[in-house]
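Novice: One file: work-v8.cif (mmCIF, C-alpha atoms and all ligand atoms).
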```cif
data_upload
loop_
_atom_site.label_atom_id
_atom_site.label_comp_id
_atom_site.auth_asym_id
_atom_site.auth_seq_id
_atom_site.Cartn_x
_atom_site.Cartn_y
_atom_site.Cartn_z
CA MET F 1 -51.47 -7.42 27.16
CA ASN F 2 -53.71 -4.45 26.39
CA LYS F 3 -52.68 -1.66 24.05
CA LYS F 4 -51.37 0.57 26.83
CA HIS F 5 -49.01 -2.13 28.06
CA ILE F 6 -47.66 -2.87 24.59
CA TRP F 7 -46.77 0.79 24.08
CA GLY F 8 -45.19 0.91 27.50
CA ALA F 9 -43.08 -2.17 26.73
CA LEU F 10 -42.01 -0.80 23.37
CA LEU F 11 -40.99 2.49 24.95
CA LEU F 12 -38.97 0.69 27.60
CA ILE F 13 -37.18 -1.45 25.02
CA GLY F 14 -36.51 1.66 22.95
CA SER F 15 -34.94 3.61 25.76
CA LEU F 16 -32.89 0.61 26.90
CA THR F 17 -31.46 0.18 23.41
CA LEU F 18 -30.65 3.88 23.30
CA ALA F 19 -28.90 3.74 26.66
CA MET F 20 -26.85 0.74 25.57
CA THR F 21 -25.78 2.37 22.33
CA THR F 22 -24.70 5.50 24.19
CA LEU F 23 -22.71 3.36 26.60
CA SER F 24 -20.82 1.49 23.89
CA TRP F 25 -20.18 4.76 22.07
CA SER F 26 -18.44 6.35 25.03
CA ASP F 27 -16.53 3.11 25.55
CA GLU F 28 -15.26 3.34 21.98
CA ASP F 29 -14.23 6.95 22.53
CA GLU F 30 -12.20 6.04 25.55
CA ARG F 31 -10.44 3.21 23.80
CA TRP F 32 -9.65 5.56 20.93
CA GLU F 33 -8.18 8.15 23.29
CA HIS F 34 -6.18 5.42 24.95
CA GLU F 35 -4.74 4.11 21.69
CA ARG F 36 -4.03 7.60 20.48
CA GLY F 37 -1.73 8.04 23.44
CA GLU F 38 -3.67 10.04 26.05
CA GLY F 39 -3.34 7.19 28.49
CA ASN F 40 -0.55 5.38 26.73
CA ARG F 41 2.58 6.10 28.71
CA PHE F 42 4.98 4.07 26.62
CA TRP F 43 4.45 6.01 23.40
CA HIS F 44 4.18 9.21 25.35
CA GLU F 45 7.53 8.89 27.03
CA THR F 46 9.87 7.24 24.53
CA SER F 47 11.65 8.60 21.48
CA ASN F 48 10.64 5.47 19.60
CA VAL F 49 8.19 5.13 16.76
CA PRO F 50 6.27 1.97 15.82
CA MET F 51 8.47 -0.39 13.84
CA LEU F 52 8.10 -0.93 10.14
CA THR F 53 6.08 -4.06 9.46
CA ASN F 54 5.48 -4.13 5.72
CA LYS F 55 7.81 -6.06 3.43
CA ALA F 56 6.79 -4.34 0.20
CA TYR F 57 7.28 -0.92 1.76
CA GLN F 58 10.64 -1.92 3.20
CA THR F 59 11.86 -3.31 -0.13
CA GLU F 60 10.57 -0.70 -2.56
CA CYS F 61 10.88 2.46 -0.52
CA SER F 62 14.35 1.92 0.84
CA ALA F 63 16.00 1.44 -2.54
CA CYS F 64 17.16 5.07 -2.66
CA HIS F 65 16.82 6.20 0.96
CA PHE F 66 15.83 5.08 4.47
CA ALA F 67 12.25 3.73 4.63
CA TYR F 68 10.76 6.64 6.57
CA PRO F 69 8.40 5.82 9.45
CA ALA F 70 4.80 5.97 8.23
CA SER F 71 3.93 7.74 11.47
CA PHE F 72 5.95 10.85 10.49
CA LEU F 73 3.48 12.13 7.87
CA PRO F 74 -0.32 12.45 7.78
CA GLU F 75 -2.36 10.18 5.54
CA ARG F 76 -3.02 12.98 3.05
CA SER F 77 0.73 13.39 2.49
CA TRP F 78 1.30 9.70 1.84
CA LEU F 79 -1.61 9.64 -0.61
CA LYS F 80 -0.10 12.55 -2.50
CA ILE F 81 3.33 10.88 -2.57
CA MET F 82 1.91 7.51 -3.66
CA THR F 83 -0.08 9.04 -6.51
CA SER F 84 2.84 10.97 -7.98
CA LEU F 85 5.61 8.36 -7.96
CA GLU F 86 6.40 8.91 -11.64
CA ASP F 87 7.76 12.30 -10.61
CA HIS F 88 9.18 11.69 -7.16
CA PHE F 89 11.62 14.46 -6.22
CA GLY F 90 13.04 14.35 -9.73
CA GLU F 91 13.21 10.53 -9.82
CA ASN F 92 10.90 7.94 -11.30
CA ALA F 93 9.80 5.65 -8.44
CA GLU F 94 6.78 4.10 -10.18
CA LEU F 95 5.50 0.69 -9.04
CA ASP F 96 3.13 -1.92 -10.47
CA ASN F 97 -0.50 -1.42 -9.43
CA ASP F 98 -0.64 -4.23 -6.86
CA THR F 99 2.52 -3.20 -5.03
CA GLN F 100 1.44 0.41 -5.10
CA ALA F 101 -1.93 -0.53 -3.54
CA VAL F 102 -0.32 -2.65 -0.80
CA ILE F 103 2.13 0.09 0.16
CA THR F 104 -0.52 2.81 0.06
CA ARG F 105 -2.76 0.82 2.40
CA TYR F 106 0.14 0.21 4.80
CA LEU F 107 1.03 3.91 4.88
CA GLN F 108 -2.61 4.95 5.38
CA ASN F 109 -3.11 2.52 8.25
CA ASN F 110 0.07 3.63 9.99
CA ALA F 111 0.13 7.33 9.18
CA ALA F 112 0.53 10.02 11.84
CA ASP F 113 -3.28 10.31 12.13
CA GLN F 114 -3.38 6.68 13.37
CA SER F 115 -0.22 6.53 15.45
CA PRO F 116 0.07 6.63 19.24
CA SER F 117 3.60 8.10 19.08
CA ARG F 118 4.10 11.53 20.67
CA PHE F 119 6.08 12.60 17.61
CA SER F 120 3.05 11.96 15.40
CA ARG F 121 0.85 14.24 17.43
CA SER F 122 3.50 16.98 17.42
CA ILE F 123 3.98 16.59 13.67
CA LEU F 124 0.25 16.81 12.98
CA ARG F 125 -0.04 19.87 15.19
CA SER F 126 2.81 21.55 13.32
CA ILE F 127 1.13 21.24 9.89
CA ARG F 128 -1.62 23.66 8.83
CA THR F 129 -4.76 21.76 7.81
CA VAL F 130 -4.65 23.37 4.36
CA ASP F 131 -1.14 22.04 3.73
CA THR F 132 -0.08 18.61 2.47
CA PRO F 133 3.69 18.42 2.89
CA LEU F 134 5.59 15.89 0.78
CA ARG F 135 8.55 15.95 3.12
CA ILE F 136 8.91 15.13 6.80
CA SER F 137 11.86 17.51 6.75
CA GLU F 138 9.54 20.39 5.80
CA THR F 139 7.15 20.05 8.72
CA GLY F 140 7.24 22.65 11.49
CA PHE F 141 8.07 19.95 14.04
CA PHE F 142 11.07 18.75 12.06
CA LYS F 143 12.39 22.27 11.56
CA ARG F 144 11.98 23.08 15.23
CA LYS F 145 13.95 19.97 16.21
CA HIS F 146 16.78 20.53 13.70
CA HIS F 147 17.17 24.30 13.42
CA GLU F 148 20.24 24.42 15.70
CA ILE F 149 22.26 22.13 13.43
CA PRO F 150 24.59 24.24 11.27
CA ASN F 151 24.68 23.79 7.47
CA ARG F 152 28.29 22.61 7.48
CA MET F 153 27.12 19.47 9.31
CA VAL F 154 24.36 18.76 6.75
CA VAL F 155 24.42 20.21 3.22
CA GLY F 156 28.15 20.98 3.52
CA ASN F 157 28.86 17.50 4.91
CA ALA F 158 29.72 14.99 2.16
CA LYS F 159 28.57 12.13 4.43
CA VAL F 160 25.10 13.64 5.01
CA ARG F 161 24.24 16.05 2.18
CA SER F 162 20.55 16.38 2.99
CA PHE F 163 18.23 16.31 5.98
CA SER F 164 16.37 13.53 4.14
CA ASN F 165 19.21 11.16 5.08
CA CYS F 166 17.89 10.52 8.58
CA LEU F 167 19.97 7.39 8.98
CA SER F 168 23.32 9.13 8.57
CA CYS F 169 22.74 10.90 11.92
CA HIS F 170 20.08 8.81 13.69
CA SER F 171 22.13 5.67 14.13
CA MET F 172 19.22 3.74 15.68
CA ALA F 173 16.50 4.89 13.26
CA GLU F 174 16.12 1.48 11.66
CA LYS F 175 15.18 0.12 15.07
CA GLY F 176 12.55 2.84 15.38
CA SER F 177 14.55 5.03 17.78
CA PHE F 178 15.11 8.76 17.30
CA ASP F 179 16.61 9.26 20.74
CA GLU F 180 18.92 12.30 20.81
CA ASP F 181 21.54 10.27 22.68
CA ALA F 182 21.90 7.96 19.67
CA VAL F 183 22.58 10.82 17.23
CA ARG F 184 26.05 10.70 15.63
CA ILE F 185 26.75 13.32 12.98
CA PRO F 186 29.36 11.88 10.58
CA GLY F 187 32.64 13.76 11.01
CA PHE F 188 31.34 15.55 14.12
CA GLY F 189 30.28 12.77 16.47
CA ARG F 190 27.76 13.03 19.24
CA TRP F 191 25.33 15.90 19.38
CA GLU F 192 25.45 17.97 22.57
CA ASP F 193 23.15 20.92 22.93
C1 LIG P 1 14.48 5.98 -7.43
C2 LIG P 1 14.81 6.41 -6.09
C3 LIG P 1 13.68 6.53 -5.08
C4 LIG P 1 12.78 5.56 -4.71
C5 LIG P 1 12.62 4.14 -5.25
C6 LIG P 1 11.94 6.17 -3.66
N1 LIG P 1 12.37 7.45 -3.39
FE1 LIG P 1 11.60 8.69 -1.98
N2 LIG P 1 12.99 10.10 -2.46
C7 LIG P 1 13.92 10.00 -3.50
C8 LIG P 1 14.69 11.23 -3.55
C9 LIG P 1 15.82 11.53 -4.55
C10 LIG P 1 14.22 12.07 -2.52
C11 LIG P 1 14.74 13.46 -2.15
C12 LIG P 1 15.91 13.29 -1.20
C13 LIG P 1 16.63 14.59 -0.85
O1 LIG P 1 16.07 15.67 -1.01
O2 LIG P 1 17.77 14.49 -0.37
C14 LIG P 1 13.15 11.32 -1.85
C15 LIG P 1 12.44 11.80 -0.77
C16 LIG P 1 11.37 11.16 -0.17
C17 LIG P 1 10.60 11.69 0.95
C18 LIG P 1 10.85 13.01 1.65
C19 LIG P 1 11.98 12.90 2.69
C20 LIG P 1 12.10 14.15 3.55
O3 LIG P 1 12.94 15.02 3.22
O4 LIG P 1 11.37 14.27 4.54
C21 LIG P 1 9.61 10.77 1.22
C22 LIG P 1 8.57 10.88 2.32
C23 LIG P 1 9.78 9.67 0.29
N3 LIG P 1 10.87 9.93 -0.53
C24 LIG P 1 8.96 8.56 0.26
C25 LIG P 1 9.15 7.47 -0.62
C26 LIG P 1 8.28 6.33 -0.69
C27 LIG P 1 7.00 6.15 0.11
C28 LIG P 1 8.82 5.46 -1.61
C29 LIG P 1 8.30 4.11 -2.06
C30 LIG P 1 7.01 4.12 -2.72
C31 LIG P 1 10.03 6.10 -2.12
N4 LIG P 1 10.20 7.30 -1.51
C32 LIG P 1 10.88 5.52 -3.06
C33 LIG P 1 14.11 8.90 -4.30
C34 LIG P 1 13.42 7.70 -4.25
C1 LIG P 2 22.55 16.10 10.30
C2 LIG P 2 22.06 15.08 11.21
C3 LIG P 2 20.56 14.77 11.25
C4 LIG P 2 19.77 14.36 10.19
C5 LIG P 2 20.17 14.14 8.73
C6 LIG P 2 18.45 14.15 10.76
N1 LIG P 2 18.44 14.43 12.10
FE1 LIG P 2 16.88 14.26 13.39
N2 LIG P 2 18.00 15.07 14.89
C7 LIG P 2 19.33 15.39 14.80
C8 LIG P 2 19.76 15.99 16.06
C9 LIG P 2 21.16 16.49 16.38
C10 LIG P 2 18.63 15.99 16.92
C11 LIG P 2 18.54 16.53 18.34
C12 LIG P 2 18.30 18.01 18.25
C13 LIG P 2 18.12 18.69 19.59
O1 LIG P 2 17.08 18.48 20.22
O2 LIG P 2 19.00 19.43 20.01
C14 LIG P 2 17.53 15.39 16.13
C15 LIG P 2 16.26 15.21 16.63
C16 LIG P 2 15.25 14.50 15.97
C17 LIG P 2 13.97 14.14 16.54
C18 LIG P 2 13.48 14.48 17.94
C19 LIG P 2 13.97 13.48 18.95
C20 LIG P 2 13.44 13.78 20.35
O3 LIG P 2 13.51 12.89 21.21
O4 LIG P 2 12.93 14.88 20.58
C21 LIG P 2 13.30 13.42 15.58
C22 LIG P 2 11.92 12.79 15.72
C23 LIG P 2 14.13 13.37 14.42
N3 LIG P 2 15.32 14.04 14.68
C24 LIG P 2 13.78 12.76 13.23
C25 LIG P 2 14.53 12.84 12.05
C26 LIG P 2 14.09 12.33 10.76
C27 LIG P 2 12.77 11.61 10.51
C28 LIG P 2 15.08 12.62 9.85
C29 LIG P 2 15.08 12.37 8.37
C30 LIG P 2 13.91 12.83 7.59
C31 LIG P 2 16.14 13.28 10.60
N4 LIG P 2 15.77 13.42 11.92
C32 LIG P 2 17.34 13.71 10.04
C33 LIG P 2 20.15 15.20 13.70
C34 LIG P 2 19.72 14.82 12.43
#
```
Would you give me this structure, written as structure tokens?
Ligand code: HEC
Ligand code: HEC
Specialist:
Amino acid sequence: MNKKHIWGALLLIGSLTLAMTTLSWSDEDERWEHERGEGNRFWHETSNVPMLTNKAYQTECSACHFAYPASFLPERSWLKIMTSLEDHFGENAELDNDTQAVITRYLQNNAADQSPSRFSRSILRSIRTVDTPLRISETGFFKRKHHEIPNRMVVGNAKVRSFSNCLSCHSMAEKGSFDEDAVRIPGFGRWED
């Protein structure tokens, strides 16, 4: 090969590599969109959230309340919660370093930012980017969904007491379902709106 041919060959190889990289990039984008729910009808249409799959999280974080779905808060919120466990809503919920690391990783990998569930996208959209809420029950999405429920059914209800007690009303929450039809408010029964 003379010099001219070598340069030509190099150029060809170069542009081929570039074309292939661009192709696999757009492929990756599409898969991402798909997993995030754009093309994922199941997560788009149900009132279910991905099931809890971490033993440490289930054991440690359901000692005082329901183990909230990781997909209901953004990663930044979980990080803030997991780094302030010594003062957790007035309680000490501290863990040993290993357990804390395992649970933090689980929550990060399954946070709203990573979840295909339609709730997650609505929750993320309802939080200002400058805010890092420590409560699901303080997000705009949560408030919008629960604002019609009168106080006497929650704070004034000895069997509920707080919106943080998801399980007292969402009878199927442990199975990952927040379907309105499965809501039973203790002392008041089914919710009809
Ligand atoms: C020692 C008891 C205790 C343990 C253990 C505990 N929590 Fe809590 N948690 C609380 C209390 C108390 C509240 C406030 C409940 C209320 O306002 O009714 C709370 C509230 C929360 C909330 C906000 C709920 C809402 O209103 O949206 C989140 C999120 C949360 N805890 C996450 C965790 C995680 C993650 C763990 C495990 C690392 C954990 N908790 C372990 C006591 C505990
Ligand atoms: C006092 C009872 C009560 C408590 C406690 C409660 N909820 Fe609800 N929730 C309801 C009712 C009733 C609805 C349906 C409201 C409507 O659309 O009219 C609802 C709706 C929802 C929805 C929307 C369902 C859909 O298909 O649109 C989600 C998600 C949800 N709740 C999550 C939670 C979480 C998470 C907690 C705890 C942090 C919680 N709720 C605590 C009563 C409750």
Novice: Please, which residues have at least one atom within 9 Å of an atom of ligand LIG 2 (chain P), using all atoms listed in the file, listed as number ranges by chain?
Specialist: F: 46-49, 66, 68-69, 72, 119-120, 135-138, 141-142, 144-151, 153-155, 157, 160-170, 173, 177-181, 183-186, 190-193
Novice: Measuring atom to atom with all atoms listed in the file, identify which of F:Thr99, F:Asn109, F:Gln114, F:Ser122 is nearest to ligand LIG 1 (chain P).
Specialist: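 Looking at the shortest contact to ligand LIG 1 (chain P), the residue is F:Thr99.
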Novice: Between CA of Ala182 in chain F and atom C19 of ligand LIG 1 (chain P), what is the spacing in Å?
Specialist: 20.3 Å
Novice: One decimal, in Å: what's the spacing between atom C14 of ligand LIG 1 (chain P) and CA of Arg152 in chain F?
Specialist: 21.1 Å
Novice: What are the nearest atom pairs, with distances in Å to one decimal, for all residues of chain F that come at most 8 Å from ligand LIG 1 (chain P), using all atoms listed in the file, set out by chain and rising residue number as a tab-separated table?
Specialist:
```
residue	atom	partner	partner_atom	distance
F:Tyr57	CA	P:LIG1	C29	6.4
F:Glu60	CA	P:LIG1	C29	5.3
F:Cys61	CA	P:LIG1	C29	3.4
F:Ser62	CA	P:LIG1	C32	6.3
F:Ala63	CA	P:LIG1	C5	5.1
F:Cys64	CA	P:LIG1	C2	4.4
F:His65	CA	P:LIG1	N1	6.3
F:Ala67	CA	P:LIG1	C26	7.1
F:Tyr68	CA	P:LIG1	C22	6.4
F:Leu73	CA	P:LIG1	C22	7.6
F:Trp78	CA	P:LIG1	C27	6.9
F:Ile81	CA	P:LIG1	C27	6.6
F:Met82	CA	P:LIG1	C30	6.2
F:Leu85	CA	P:LIG1	C30	6.9
F:His88	CA	P:LIG1	C7	6.2
F:Phe89	CA	P:LIG1	C10	5.1
F:Gly90	CA	P:LIG1	C9	6.5
F:Glu91	CA	P:LIG1	C1	5.3
F:Asn92	CA	P:LIG1	C1	5.6
F:Ala93	CA	P:LIG1	C5	4.5
F:Glu94	CA	P:LIG1	C30	7.5
F:Leu95	CA	P:LIG1	C30	7.3
F:Gln100	CA	P:LIG1	C30	7.1
F:Ile103	CA	P:LIG1	C30	7.0
F:Leu107	CA	P:LIG1	C27	8.0
F:Leu134	CA	P:LIG1	C22	6.0
F:Arg135	CA	P:LIG1	O4	3.6
F:Ile136	CA	P:LIG1	O4	3.4
F:Ser137	CA	P:LIG1	O4	4.0
F:Glu138	CA	P:LIG1	O4	6.5
F:Arg161	CA	P:LIG1	O2	7.1
F:Ser162	CA	P:LIG1	O2	4.8
F:Phe163	CA	P:LIG1	O3	6.1
F:Ser164	CA	P:LIG1	O3	3.9
F:Asn165	CA	P:LIG1	O2	6.5
```
